[in-house]
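Shown here: structure_26.txt, compact mmCIF, C-alpha atoms and all ligand atoms.
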```
# COMPACT_ATOMS: atom_id res chain seq x y z
CA MET E 173 22.32 -5.54 24.90
CA THR E 174 18.72 -5.37 23.69
CA ASP E 175 19.23 -1.59 23.85
CA ILE E 176 20.95 -1.79 20.48
CA ARG E 177 18.67 0.03 18.06
CA ILE E 178 19.03 -0.94 14.43
CA PRO E 179 18.40 2.14 12.23
CA GLU E 180 15.05 1.92 10.42
CA THR E 181 16.80 2.46 7.10
CA LEU E 182 18.72 -0.80 7.49
CA ARG E 183 15.81 -2.95 8.58
CA PRO E 184 13.85 -5.28 6.31
CA VAL E 185 10.40 -4.08 5.29
CA ASP E 186 8.97 -7.22 6.90
CA GLY E 187 10.83 -8.72 9.84
CA ARG E 188 9.34 -12.22 9.80
CA PHE E 189 11.95 -14.88 8.99
CA GLY E 190 10.46 -17.86 10.84
CA SER E 191 10.63 -21.30 9.26
CA GLY E 192 7.01 -22.00 10.21
CA PRO E 193 4.72 -20.41 11.07
CA SER E 194 6.24 -18.05 8.57
CA LYS E 195 5.45 -14.74 6.94
CA VAL E 196 1.86 -14.33 5.83
CA ARG E 197 1.41 -11.69 3.11
CA PRO E 198 -0.53 -8.67 4.37
CA GLU E 199 -2.41 -8.71 1.04
CA GLY E 200 -3.69 -12.21 1.90
CA VAL E 201 -4.92 -11.01 5.27
CA GLU E 202 -6.66 -8.05 3.59
CA SER E 203 -8.43 -10.41 1.19
CA LEU E 204 -9.51 -12.52 4.15
CA SER E 205 -10.73 -9.43 5.93
CA ALA E 206 -12.79 -8.51 2.88
CA VAL E 207 -14.71 -11.81 3.10
CA SER E 208 -14.86 -11.91 6.88
CA ARG E 209 -18.63 -11.54 7.05
CA THR E 210 -19.50 -13.85 4.21
CA PHE E 211 -16.90 -16.60 4.65
CA LEU E 212 -15.56 -16.75 8.22
CA GLY E 213 -18.02 -18.28 10.62
CA THR E 214 -20.00 -20.09 7.93
CA SER E 215 -20.60 -23.80 7.47
CA HIS E 216 -17.79 -25.84 5.94
CA ARG E 217 -20.41 -28.07 4.33
CA GLN E 218 -21.85 -25.22 2.26
CA LYS E 219 -20.88 -23.81 -1.11
CA THR E 220 -19.01 -20.71 0.11
CA VAL E 221 -16.39 -22.74 1.97
CA LYS E 222 -16.35 -25.67 -0.44
CA GLU E 223 -15.48 -23.22 -3.21
CA GLN E 224 -12.41 -22.14 -1.26
CA VAL E 225 -11.38 -25.76 -0.69
CA ALA E 226 -11.81 -26.29 -4.43
CA ARG E 227 -9.75 -23.17 -5.16
CA LEU E 228 -7.01 -24.46 -2.86
CA ARG E 229 -6.99 -27.90 -4.52
CA ARG E 230 -6.98 -26.37 -8.02
CA GLY E 231 -4.26 -23.92 -7.05
CA LEU E 232 -2.00 -26.70 -5.78
CA ALA E 233 -2.60 -28.83 -8.87
CA GLU E 234 -1.67 -25.93 -11.14
CA PHE E 235 1.28 -24.78 -9.04
CA PHE E 236 2.90 -28.23 -8.93
CA SER E 237 1.91 -29.14 -12.53
CA MET E 238 0.15 -32.16 -11.10
CA PRO E 239 0.33 -35.15 -13.47
CA GLU E 240 -2.79 -36.83 -14.86
CA GLY E 241 -4.49 -39.10 -12.33
CA TYR E 242 -2.90 -37.52 -9.25
CA GLU E 243 -5.28 -36.00 -6.68
CA VAL E 244 -5.01 -33.30 -4.02
CA VAL E 245 -6.09 -34.70 -0.67
CA LEU E 246 -6.39 -32.70 2.54
CA SER E 247 -7.41 -33.14 6.13
CA ASN E 248 -6.87 -31.71 9.57
CA GLY E 249 -3.94 -31.98 11.94
CA GLY E 250 -0.99 -30.71 9.92
CA THR E 251 1.85 -32.84 8.65
CA SER E 252 2.18 -34.61 12.01
CA ALA E 253 -1.30 -36.05 11.48
CA PHE E 254 -0.37 -37.08 7.95
CA TRP E 255 2.53 -39.19 9.28
CA GLU E 256 0.10 -41.18 11.43
CA THR E 257 -2.40 -41.34 8.57
CA ALA E 258 0.29 -42.76 6.26
CA THR E 259 1.43 -45.22 8.92
CA PHE E 260 -2.10 -46.65 9.07
CA GLY E 261 -3.07 -46.12 5.46
CA LEU E 262 -0.08 -46.38 3.12
CA VAL E 263 2.55 -48.72 4.61
CA ARG E 264 1.50 -52.24 3.75
CA GLU E 265 4.27 -54.08 5.62
CA LYS E 266 7.70 -52.53 5.51
CA ALA E 267 9.03 -49.02 5.01
CA GLN E 268 12.44 -47.53 4.42
CA PHE E 269 13.41 -44.05 5.61
CA ALA E 270 16.10 -41.55 4.78
CA GLU E 271 16.51 -39.74 8.08
CA PHE E 272 18.69 -36.64 8.36
CA GLY E 273 16.94 -34.48 10.90
CA GLU E 274 14.20 -34.17 13.47
CA PHE E 275 11.23 -34.23 11.09
CA GLY E 276 12.32 -37.28 9.12
CA ALA E 277 12.93 -38.98 12.47
CA LYS E 278 9.37 -38.32 13.65
CA PHE E 279 7.77 -40.16 10.73
CA ALA E 280 10.27 -43.01 11.08
CA LYS E 281 9.34 -43.29 14.76
CA ALA E 282 5.62 -43.45 13.98
CA VAL E 283 6.20 -46.43 11.69
CA THR E 284 8.71 -48.07 14.05
CA ASP E 285 6.17 -47.87 16.89
CA ALA E 286 3.29 -49.34 14.86
CA PRO E 287 2.82 -52.91 16.14
CA PHE E 288 1.18 -54.07 12.90
CA LEU E 289 4.17 -53.16 10.69
CA ALA E 290 7.61 -54.72 10.23
CA GLU E 291 10.67 -52.94 11.61
CA PRO E 292 11.56 -50.29 9.00
CA THR E 293 14.99 -49.82 7.50
CA ILE E 294 16.35 -46.41 8.46
CA HIS E 295 19.32 -44.81 6.70
CA ARG E 296 20.62 -42.10 9.01
CA ALA E 297 23.02 -39.23 8.47
CA PRO E 298 24.31 -36.68 10.96
CA ALA E 299 22.77 -33.19 11.10
CA GLY E 300 24.01 -31.02 8.25
CA SER E 301 24.39 -33.89 5.79
CA ALA E 302 21.89 -36.08 3.91
CA ALA E 303 20.85 -39.72 4.03
CA TYR E 304 19.60 -41.47 0.91
CA LEU E 305 17.13 -44.20 0.04
CA THR E 306 18.37 -47.39 -1.62
CA ALA E 307 16.36 -50.04 -3.47
CA GLU E 308 15.57 -52.90 -1.10
CA ALA E 309 13.53 -56.06 -1.60
CA GLY E 310 10.36 -56.24 0.49
CA VAL E 311 10.00 -52.50 1.00
CA ASP E 312 6.57 -51.16 -0.06
CA VAL E 313 6.98 -47.54 1.09
CA TYR E 314 10.07 -45.34 0.84
CA ALA E 315 10.06 -42.05 2.71
CA SER E 316 12.31 -39.03 2.53
CA VAL E 317 12.24 -35.31 3.21
CA HIS E 318 12.57 -32.69 0.47
CA ASN E 319 13.85 -30.09 2.91
CA GLU E 320 14.82 -30.94 6.48
CA THR E 321 13.69 -27.83 8.32
CA SER E 322 15.68 -28.65 11.44
CA THR E 323 19.04 -28.50 9.62
CA GLY E 324 18.57 -26.69 6.30
CA VAL E 325 19.50 -29.68 4.15
CA ALA E 326 17.61 -30.21 0.88
CA VAL E 327 17.79 -33.23 -1.42
CA PRO E 328 16.30 -33.88 -4.88
CA VAL E 329 13.06 -35.87 -5.13
CA ARG E 330 13.92 -39.07 -7.01
CA ARG E 331 12.51 -42.58 -7.15
CA VAL E 332 14.75 -45.47 -6.18
CA ASP E 333 12.29 -48.33 -6.74
CA GLU E 334 9.52 -48.30 -9.35
CA GLY E 335 7.70 -51.12 -7.57
CA ALA E 336 7.01 -49.26 -4.34
CA LEU E 337 5.53 -45.95 -3.19
CA LEU E 338 7.72 -42.92 -2.47
CA LEU E 339 6.44 -40.45 0.14
CA THR E 340 8.10 -37.05 0.22
CA ASP E 341 7.79 -34.67 3.15
CA ALA E 342 7.55 -31.31 1.39
CA THR E 343 6.30 -29.40 4.42
CA SER E 344 9.05 -26.79 4.14
CA GLY E 345 10.55 -27.65 0.75
CA GLY E 346 7.29 -27.57 -1.20
CA GLY E 347 6.98 -24.27 -3.04
CA SER E 348 10.62 -23.25 -2.66
CA LEU E 349 12.36 -26.20 -4.30
CA ASP E 350 11.91 -27.65 -7.75
CA VAL E 351 10.08 -30.95 -8.09
CA ASP E 352 8.73 -33.25 -10.77
CA LEU E 353 5.78 -34.97 -9.14
CA ARG E 354 6.15 -38.02 -11.39
CA GLU E 355 9.21 -38.81 -9.23
CA THR E 356 7.10 -39.33 -6.10
CA ASP E 357 3.74 -40.85 -5.12
CA VAL E 358 2.89 -38.54 -2.28
CA TYR E 359 4.18 -34.98 -2.02
CA TYR E 360 2.78 -33.74 1.26
CA LEU E 361 2.96 -30.37 2.95
CA ALA E 362 1.32 -27.97 5.36
CA PRO E 363 0.23 -24.38 4.68
CA GLN E 364 2.25 -22.49 7.31
CA LYS E 365 5.42 -22.25 5.16
CA ALA E 366 5.70 -21.50 1.43
CA LEU E 367 1.92 -21.41 1.20
CA GLY E 368 1.99 -18.31 3.37
CA SER E 369 -0.95 -19.38 5.49
CA ASP E 370 -1.57 -20.68 8.98
CA GLY E 371 -1.08 -24.23 10.25
CA GLY E 372 -3.50 -27.01 11.09
CA ILE E 373 -4.16 -28.90 7.87
CA TRP E 374 -2.15 -31.33 5.76
CA LEU E 375 -2.17 -31.33 1.96
CA ALA E 376 -1.03 -34.28 -0.11
CA LEU E 377 -0.63 -34.59 -3.87
CA MET E 378 -1.16 -38.32 -4.39
CA SER E 379 -0.45 -40.57 -7.36
CA PRO E 380 -2.95 -43.16 -8.61
CA ALA E 381 -0.74 -45.88 -7.08
CA ALA E 382 -0.85 -44.20 -3.68
CA ILE E 383 -4.63 -43.80 -3.83
CA GLU E 384 -4.98 -47.43 -4.84
CA ARG E 385 -2.77 -48.46 -1.90
CA ALA E 386 -4.96 -46.56 0.54
CA PHE E 387 -8.08 -48.38 -0.69
CA GLU E 388 -6.24 -51.73 -0.69
CA ILE E 389 -5.15 -51.37 2.94
CA LYS E 390 -8.56 -50.18 4.07
CA ALA E 391 -10.16 -53.21 2.35
CA SER E 392 -7.74 -55.52 4.16
CA GLY E 393 -9.65 -54.87 7.38
CA ARG E 394 -6.76 -53.30 9.28
CA TYR E 395 -7.86 -51.25 12.29
CA ILE E 396 -7.62 -47.58 11.29
CA PRO E 397 -8.70 -44.78 13.67
CA GLN E 398 -11.50 -42.77 12.06
CA PHE E 399 -9.60 -39.48 12.23
CA LEU E 400 -6.59 -41.04 10.47
CA ASP E 401 -8.50 -42.85 7.75
CA LEU E 402 -6.87 -41.88 4.46
CA VAL E 403 -9.73 -43.27 2.36
CA THR E 404 -12.12 -40.97 4.22
CA ALA E 405 -9.76 -38.04 3.54
CA ILE E 406 -9.64 -38.92 -0.17
CA GLU E 407 -13.41 -39.23 -0.42
CA GLN E 408 -14.05 -36.02 1.50
CA SER E 409 -11.49 -34.11 -0.57
CA ARG E 410 -13.24 -35.22 -3.75
CA LEU E 411 -16.32 -33.47 -2.31
CA GLU E 412 -14.26 -30.30 -1.61
CA GLN E 413 -14.52 -30.69 2.14
CA THR E 414 -12.70 -32.19 5.11
CA TYR E 415 -13.70 -35.02 7.44
CA ASN E 416 -14.04 -32.64 10.38
CA THR E 417 -14.12 -28.87 10.76
CA PRO E 418 -11.09 -27.13 9.24
CA ALA E 419 -9.71 -23.68 10.10
CA LEU E 420 -11.47 -21.62 7.45
CA ALA E 421 -8.89 -18.82 7.55
CA THR E 422 -6.11 -21.33 6.91
CA VAL E 423 -7.88 -22.70 3.84
CA PHE E 424 -8.61 -19.22 2.48
CA LEU E 425 -5.10 -17.82 3.01
CA ALA E 426 -3.49 -20.84 1.35
CA ALA E 427 -5.84 -20.60 -1.65
CA GLU E 428 -5.14 -16.88 -1.90
CA GLN E 429 -1.38 -17.44 -1.76
CA LEU E 430 -1.49 -20.12 -4.46
CA ASP E 431 -3.46 -17.83 -6.76
CA TRP E 432 -0.87 -15.13 -6.13
CA MET E 433 2.08 -17.43 -6.78
CA ASN E 434 0.46 -18.90 -9.89
CA ALA E 435 -0.12 -15.38 -11.22
CA GLN E 436 3.56 -14.57 -10.64
CA GLY E 437 4.70 -17.53 -12.72
CA GLY E 438 4.06 -20.57 -10.55
CA LEU E 439 6.61 -22.96 -9.15
CA SER E 440 9.45 -21.89 -11.45
CA TRP E 441 8.98 -18.28 -10.33
CA ALA E 442 8.85 -19.33 -6.65
CA VAL E 443 11.95 -21.50 -6.96
CA LYS E 444 13.84 -18.65 -8.58
CA ARG E 445 12.80 -16.22 -5.88
CA SER E 446 13.87 -18.57 -3.08
CA ALA E 447 17.15 -19.21 -4.91
CA GLU E 448 17.73 -15.45 -5.03
CA SER E 449 17.26 -15.21 -1.26
CA ALA E 450 19.53 -18.23 -0.79
CA ALA E 451 22.27 -16.63 -2.90
CA ALA E 452 21.98 -13.49 -0.77
CA ILE E 453 22.38 -15.20 2.58
CA TYR E 454 24.91 -17.90 1.69
CA GLY E 455 26.93 -15.37 -0.30
CA TRP E 456 27.02 -13.08 2.71
CA ALA E 457 28.02 -15.96 5.02
CA ASP E 458 30.80 -17.01 2.64
CA ARG E 459 32.20 -13.47 2.68
CA SER E 460 31.74 -12.99 6.42
CA SER E 461 34.62 -13.41 8.87
CA TYR E 462 32.35 -14.83 11.58
CA ALA E 463 29.46 -16.56 9.79
CA THR E 464 29.55 -19.76 7.72
CA PRO E 465 26.84 -21.92 6.19
CA PHE E 466 26.21 -24.86 8.54
CA VAL E 467 25.71 -27.24 5.60
CA THR E 468 29.22 -27.73 4.27
CA ASP E 469 28.25 -29.31 0.93
CA PRO E 470 26.90 -26.44 -1.24
CA ALA E 471 24.77 -28.92 -3.20
CA LEU E 472 22.80 -29.78 -0.05
CA ARG E 473 22.30 -26.18 1.12
CA SER E 474 18.60 -25.47 1.20
CA ALA E 475 16.98 -22.65 -0.72
CA ALA E 476 13.97 -22.97 1.59
CA VAL E 477 15.62 -22.64 5.01
CA ALA E 478 19.17 -21.39 5.55
CA THR E 479 21.19 -22.35 8.62
CA ILE E 480 24.19 -20.17 9.42
CA ASP E 481 26.80 -21.00 12.07
CA PHE E 482 28.61 -18.26 14.00
CA GLU E 483 32.11 -18.22 15.43
CA GLY E 484 33.21 -15.76 18.10
CA VAL E 485 29.76 -14.12 18.10
CA ASP E 486 26.84 -15.30 20.20
CA ALA E 487 24.06 -16.17 17.74
CA ALA E 488 21.45 -16.29 20.50
CA ALA E 489 22.39 -12.74 21.52
CA ILE E 490 22.06 -11.61 17.90
CA ALA E 491 18.64 -13.23 17.63
CA LYS E 492 17.60 -11.51 20.83
CA VAL E 493 18.66 -8.06 19.61
CA LEU E 494 17.00 -8.68 16.25
CA ARG E 495 13.79 -9.64 18.05
CA ALA E 496 13.92 -6.45 20.11
CA ASN E 497 14.07 -4.64 16.76
CA ASP E 498 11.02 -6.48 15.36
CA ILE E 499 13.09 -8.92 13.29
CA VAL E 500 11.79 -12.24 14.56
CA ASP E 501 12.20 -16.01 14.56
CA THR E 502 15.81 -16.27 13.38
CA GLU E 503 16.58 -18.66 16.27
CA PRO E 504 17.88 -22.11 15.25
CA TYR E 505 15.93 -25.34 15.63
CA ARG E 506 15.99 -25.79 19.37
CA LYS E 507 17.17 -29.42 19.50
CA LEU E 508 20.09 -28.84 17.13
CA GLY E 509 21.93 -26.98 19.89
CA ARG E 510 24.27 -24.97 17.67
CA ASN E 511 25.53 -21.39 17.76
CA GLN E 512 23.42 -20.66 14.74
CA LEU E 513 20.69 -18.59 13.11
CA ARG E 514 18.03 -20.09 10.85
CA VAL E 515 16.29 -18.04 8.18
CA ALA E 516 13.29 -18.95 6.03
CA LEU E 517 13.69 -18.22 2.32
CA TYR E 518 10.14 -19.08 1.25
CA PRO E 519 8.79 -17.22 -1.80
CA THR E 520 6.71 -14.98 0.47
CA VAL E 521 9.92 -13.46 1.83
CA GLU E 522 11.37 -10.64 -0.26
CA PRO E 523 14.97 -11.37 -1.36
CA SER E 524 15.76 -7.71 -0.60
CA ASP E 525 14.59 -8.32 2.97
CA VAL E 526 17.02 -11.22 3.28
CA THR E 527 19.83 -8.90 2.16
CA ALA E 528 18.64 -6.30 4.68
CA LEU E 529 18.66 -8.98 7.37
CA THR E 530 22.33 -9.77 6.70
CA THR E 531 23.13 -6.05 7.00
CA CYS E 532 21.29 -5.97 10.33
CA ILE E 533 23.18 -9.03 11.59
CA ASP E 534 26.49 -7.32 10.75
CA TYR E 535 25.29 -4.15 12.46
CA VAL E 536 24.44 -6.05 15.65
CA ALA E 537 27.54 -8.28 15.60
CA GLU E 538 29.82 -5.22 15.42
CA ARG E 539 28.14 -3.77 18.53
CA LEU E 540 27.92 -6.84 20.74
C1 LIG W 601 9.83 -30.93 7.26
C2 LIG W 601 8.71 -30.84 8.24
N1 LIG W 601 7.91 -31.89 8.41
C3 LIG W 601 6.88 -31.88 9.27
C4 LIG W 601 6.61 -30.78 10.06
C5 LIG W 601 5.47 -30.80 11.03
O1 LIG W 601 4.42 -30.06 10.51
P1 LIG W 601 3.13 -29.74 11.39
O2 LIG W 601 3.54 -28.76 12.42
O3 LIG W 601 2.15 -29.19 10.38
O4 LIG W 601 2.67 -31.02 11.98
C6 LIG W 601 7.41 -29.65 9.93
C7 LIG W 601 7.14 -28.46 10.75
O5 LIG W 601 7.93 -27.56 10.89
C8 LIG W 601 8.48 -29.69 9.00
O6 LIG W 601 9.27 -28.62 8.86
```
Is it possible to express this structure as structure tokens?
Amino acid sequence: MTDIRIPETLRPVDGRFGSGPSKVRPEGVESLSAVSRTFLGTSHRQKTVKEQVARLRRGLAEFFSMPEGYEVVLSNGGTSAFWETATFGLVREKAQFAEFGEFGAKFAKAVTDAPFLAEPTIHRAPAGSAAYLTAEAGVDVYASVHNETSTGVAVPVRRVDEGALLLTDATSGGGSLDVDLRETDVYYLAPQKALGSDGGIWLALMSPAAIERAFEIKASGRYIPQFLDLVTAIEQSRLEQTYNTPALATVFLAAEQLDWMNAQGGLSWAVKRSAESAAAIYGWADRSSYATPFVTDPALRSAAVATIDFEGVDAAAIAKVLRANDIVDTEPYRKLGRNQLRVALYPTVEPSDVTALTTCIDYVAERL
């Protein structure tokens, strides 16, 4: 089976379609290489590195048209660390979650397990559909996911309660989907997706209300582990550094990518490019006799991560042949357990490569 050779002429120029870690632009790596002796392996408390942290924070603020008073905060540990940080540092008493996939569920679990917080309200929806937040008395933090990477469902970012904080997991949606940051208090992400970098840090665009909440909770005397102290992260970020040692390459590549995307036209350009890739893959699936978009409601179909179900063709076998032909990471989210392929549509990915991928899938399916 893995003997099937896809002709070079049909293959995408770049075969990386993973939902995270995802494609890193070769140009970014070349820029990193160019500073390898002056930047890599140097102190993160000195100017050279702090300038890159500053460039990253500036780039994010520009890219997301950050409103007045909001701040870019970053620290180590990726989004998973941010969930714990928010559990200790942003939820005063009670949270409400919209949970429609594995990643939303992980944050909800962190809060549910915290002995110092009330039992959260969790609105759940089955995989492939969306759950929504509703205004509820007593809730001080609402939490949802812009794009659920495990299922390929995307929802708009919208406040439901002016009197509470809204936290939006933009780990995979940020940079591919449109957003007005005034609609949320914390828009948090990690650099291994649309930011075309490597993993390991979390980035959060925080409103004045969210920053105030962090200081309020810290002042209350609650026990907060040092590594998860959001106030420390805010204060360190203001100094263009992180609490502990970051991956310097990750910081540099993300800053480089943001400069590139801002030069192309910023978020509106990125959203358009992802939408183009989405139109290519969903359009192909709609026309296909054996492939269909997993998300049945077109309005919920993600332009960041596409999930495509297969009938009568073994998706795992297709993924295996693609991999043998250097087209990688099209496997579905492992816990979803469907006969499916999952394809990242982040702005780093060329829409023409997504079209080429669909041609390659047809080529393999015909020969299996
Ligand atoms: C929506 C979403 N949230 C959170 C995470 C976890 O991010 P990290 O691996 O940086 O902890 C991911 C990772 O894929 C994700 O897709």
(message) For a test of reading the model, state the distance in Å between atom CA of Leu289 of chain E and atom CA of Thr259 of chain E, rounded to one decimal.
(response)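 So the answer is 8.6 Å.
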(message) For a test of reading the model, state the distance in Å between atom CA of Ala307 of chain E and atom CA of Leu246 of chain E, rounded to one decimal.
(response)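 Atom-to-atom, atom CA of Ala307 of chain E to atom CA of Leu246 of chain E, that is 29.2 Å.
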Can you tell me, as JSON, the centre and edge lengths (Å, one decimal) of the axis-aligned box enclosing all of ligand LIG 601 (chain W)'s listed atoms after padding each side by 3 Å?
```
{"center_x": 6.0, "center_y": -29.7, "center_z": 9.8, "size_x": 13.7, "size_y": 10.3, "size_z": 11.2}
```
(request) Please tell me which residues are no farther than 6 Å from (34.2, -11.8, 15.9) in the file, counting all atoms listed in the file, and write them as JSON, numbers by chain. (result) {"E": [462, 484, 485]}
(request) Could you please extract the residues within 8 Å of ligand LIG 601 (chain W), counting all atoms listed in the file, and hand them back as JSON, numbers by chain? (result) {"E": [191, 192, 193, 249, 250, 251, 252, 253, 254, 275, 276, 317, 318, 319, 320, 321, 322, 341, 342, 343, 344, 345, 361, 362, 363, 364, 371, 372, 373, 374]}
(request) Go through E:Thr210, E:Ser348, E:Gln268, E:Ser215 one by one, measure the shortest atom-to-atom distance of each to Asn416 of chain E using only C-alpha atoms, and give the residue with the smallest value. (result)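 Residue with the minimum atom-to-atom distance to Asn416 of chain E: E:Ser215.
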(message) Can you pull out the residues contacting Ala258 of chain E? Cut-off 10 Å, using all atoms listed in the file, and skip same-chain residues under 6 positions away; I want them as a PyMOL selection string.
(response) chain E and resi 264+279+282-283+313+339+358+386+400-402
Would you mind listing, for every residue of segment 267-345 of chain E within 9 Å of segment 507-516 of chain E, the two atoms forming the shortest contact and the distance between them in Å to one decimal, using only C-alpha atoms, sorted by chain and ascending residue number, as a Markdown table?
```
| residue | atom | partner | partner_atom | distance |
| --- | --- | --- | --- | --- |
| E:Gly273 | CA | E:Leu508 | CA | 9.0 |
| E:Glu274 | CA | E:Lys507 | CA | 8.2 |
| E:Ala299 | CA | E:Leu508 | CA | 7.9 |
| E:Ser322 | CA | E:Leu508 | CA | 7.2 |
| E:Thr323 | CA | E:Leu508 | CA | 7.6 |
| E:Gly324 | CA | E:Arg514 | CA | 8.0 |
```
(request) Would you mind listing what lies within 7 Å of Phe466 of chain E as a list in words, with all atoms listed in the file counted and same-chain residues fewer than 5 positions away left out? (result)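 These residues fall inside the cut-off: Gly300, Thr479, Ile480 and Asp481 of chain E.
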(request) For a cut-off of 10 Å around (23.7, -28.3, -4.5), file coordinates, pick out all residues using all atoms listed in the file and list them as a ChimeraX atom specification. (result) /E:325-328,469-475
(request) Could you jot down the atom CA of Thr527 of chain E to atom CA of Ser449 of chain E separation for me, Å, one decimal place? (result)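 Separation between atom CA of Thr527 of chain E and atom CA of Ser449 of chain E: 7.6 Å.
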(request) Go through E:Ala303, E:Leu529, E:Leu375, E:Val207 and flag the residue nearest Tyr360 of chain E, using all atoms listed in the file for the distances. (result)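 Residue with the minimum atom-to-atom distance to Tyr360 of chain E: E:Leu375.
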(message) Just want the 12 Å neighbourhood of Arg385 of chain E, counted on all atoms listed in the file, with same-chain residues fewer than 6 positions away dropped. Output as a list in words.
(response)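 Surrounding residues, per the criterion: Ala258, Phe260, Gly261, Leu262, Val263, Arg264, Glu265, Asp312, Val313, Ala336, Leu337, Leu338, Asp357, Val358, Met378, Ser379, Ala391, Ser392, Leu402, Val403 and Ile406 of chain E.
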With only C-alpha atoms as the counted atoms, please give the residues lying no more than 12 Å from Ser440 of chain E, apart from itself and same-chain residues fewer than 6 positions off, as a PDB file with C-alpha atoms, keeping the file's coordinate frame.
```pdb
ATOM      1  CA  GLU E 234      -1.670 -25.930 -11.140  1.00  0.00           C
ATOM      2  CA  PHE E 235       1.280 -24.780  -9.040  1.00  0.00           C
ATOM      3  CA  PHE E 236       2.900 -28.230  -8.930  1.00  0.00           C
ATOM      4  CA  SER E 237       1.910 -29.140 -12.530  1.00  0.00           C
ATOM      5  CA  GLY E 346       7.290 -27.570  -1.200  1.00  0.00           C
ATOM      6  CA  GLY E 347       6.980 -24.270  -3.040  1.00  0.00           C
ATOM      7  CA  SER E 348      10.620 -23.250  -2.660  1.00  0.00           C
ATOM      8  CA  LEU E 349      12.360 -26.200  -4.300  1.00  0.00           C
ATOM      9  CA  ASP E 350      11.910 -27.650  -7.750  1.00  0.00           C
ATOM     10  CA  VAL E 351      10.080 -30.950  -8.090  1.00  0.00           C
ATOM     11  CA  ASP E 352       8.730 -33.250 -10.770  1.00  0.00           C
ATOM     12  CA  MET E 433       2.080 -17.430  -6.780  1.00  0.00           C
ATOM     13  CA  ASN E 434       0.460 -18.900  -9.890  1.00  0.00           C
ATOM     14  CA  SER E 446      13.870 -18.570  -3.080  1.00  0.00           C
ATOM     15  CA  ALA E 447      17.150 -19.210  -4.910  1.00  0.00           C
ATOM     16  CA  PRO E 519       8.790 -17.220  -1.800  1.00  0.00           C
TER      17      PRO E 519
END
```
